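Below is one structure, written out as structure tokens; the observations come after it.
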Amino acid sequence: MPQIFNIVRCFQCSIYQVDIDKKSTNKWTCKLCGSKQSLKQIFFQGDSKECREKVQLLNQLDGSAQEAEKFRKMNVSCNQQNLCQNSDNFVSERQITDKPKASKWAKYLTNDSDDEN
């Protein structure tokens, strides 16, 4: 008779794990964070190979979803910062263009009409 394994998820670190099905108790310990918890939900039940493959897939999907959410938040904050920076640049450029520009060399130059006389 083959041994039965369960796929469970830790409430603290949110990682899917494989745990041996125990008939005596419904408690299990997370292998990553060490938190002891009761068995609330079994995501899959089967032999060890099937469970390992499904745990890898579930953790990979969960990790890629977290990365996508992190990337989306980063883009939103960057877009907000760029809008603020662009509006600041627009105001400063407008202020610069409103000032009359005089050449620094104008006081050193002589008029050509004065030289000809």
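Following the order of the structure tokens, first chain is A, next is B, and so on, with residues numbered from 1 inside each chain and ligands from 1 in the order they appear.
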
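Counting only C-alpha atoms, Val55 in chain A has the following residues at most 8 Å away, ignoring those fewer than 2 positions along the same chain: Ile7, Tyr16, Gln17, Val18, Cys51, Arg52, Glu53, Leu57, Leu58 and Asn59 of chain A.
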
Exercise: Leu39 in chain A partners within 7 Å, only C-alpha atoms, chain neighbours under 3 positions left out, as a compact mmCIF listing (two decimals) with N, CA, C and O atoms, in the first residue's frame:
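Output saved as part_2.txt:
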```txt
# COMPACT_ATOMS: atom_id res chain seq x y z
N ASN A 26 -4.27 15.81 12.92
CA ASN A 26 -4.39 16.68 11.75
C ASN A 26 -3.56 17.95 11.94
O ASN A 26 -3.93 19.01 11.47
N LYS A 27 -2.46 17.86 12.63
CA LYS A 27 -1.53 18.98 12.83
C LYS A 27 -0.30 18.76 11.94
O LYS A 27 0.10 17.63 11.69
N TRP A 28 0.29 19.88 11.49
CA TRP A 28 1.52 19.80 10.72
C TRP A 28 2.36 21.03 10.99
O TRP A 28 1.88 22.04 11.47
```

Fill in the blank from the handout: Counting only C-alpha atoms, the residue among A:Ser48, A:Gln56, A:Gln12, A:Asn75 that lies closest to Lys36 in chain A is A:Gln12

Exercise for the section: May I have all residues of range 8-97 of chain A that DSSP, computed from the backbone, assigns to strand (DSSP E or B), given as an MDAnalysis selection string? Expected result: chainID A and resid 8:9 16:20 27:29 36:38 44:46

Exercise for the section: Tell me, in Å to one decimal, how far CA of Val8 in chain A is from CA of Gln60 in chain A. Expected result: 15.1 Å

Practice task
Do a neighbour search on range 62-67 of chain A at 9 Å with only C-alpha atoms, toss out local chain neighbours closer than 5 positions, and write the hits as a list in words.
Solution key: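 Surrounding residues, per the criterion: Ser14, Ile15, Leu57 and Arg72 of chain A.
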
Exercise for the section: Quote the spacing between CA of Ile20 in chain A and CA of Gly46 in chain A in Å to one decimal place. Expected result: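 Atom-to-atom, CA of Ile20 in chain A to CA of Gly46 in chain A, that is 9.9 Å.
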
Fill in the blank from the handout: Expressed in Å, the length from CA of Gln37 in chain A to CA of Phe11 in chain A is 8.2 Å
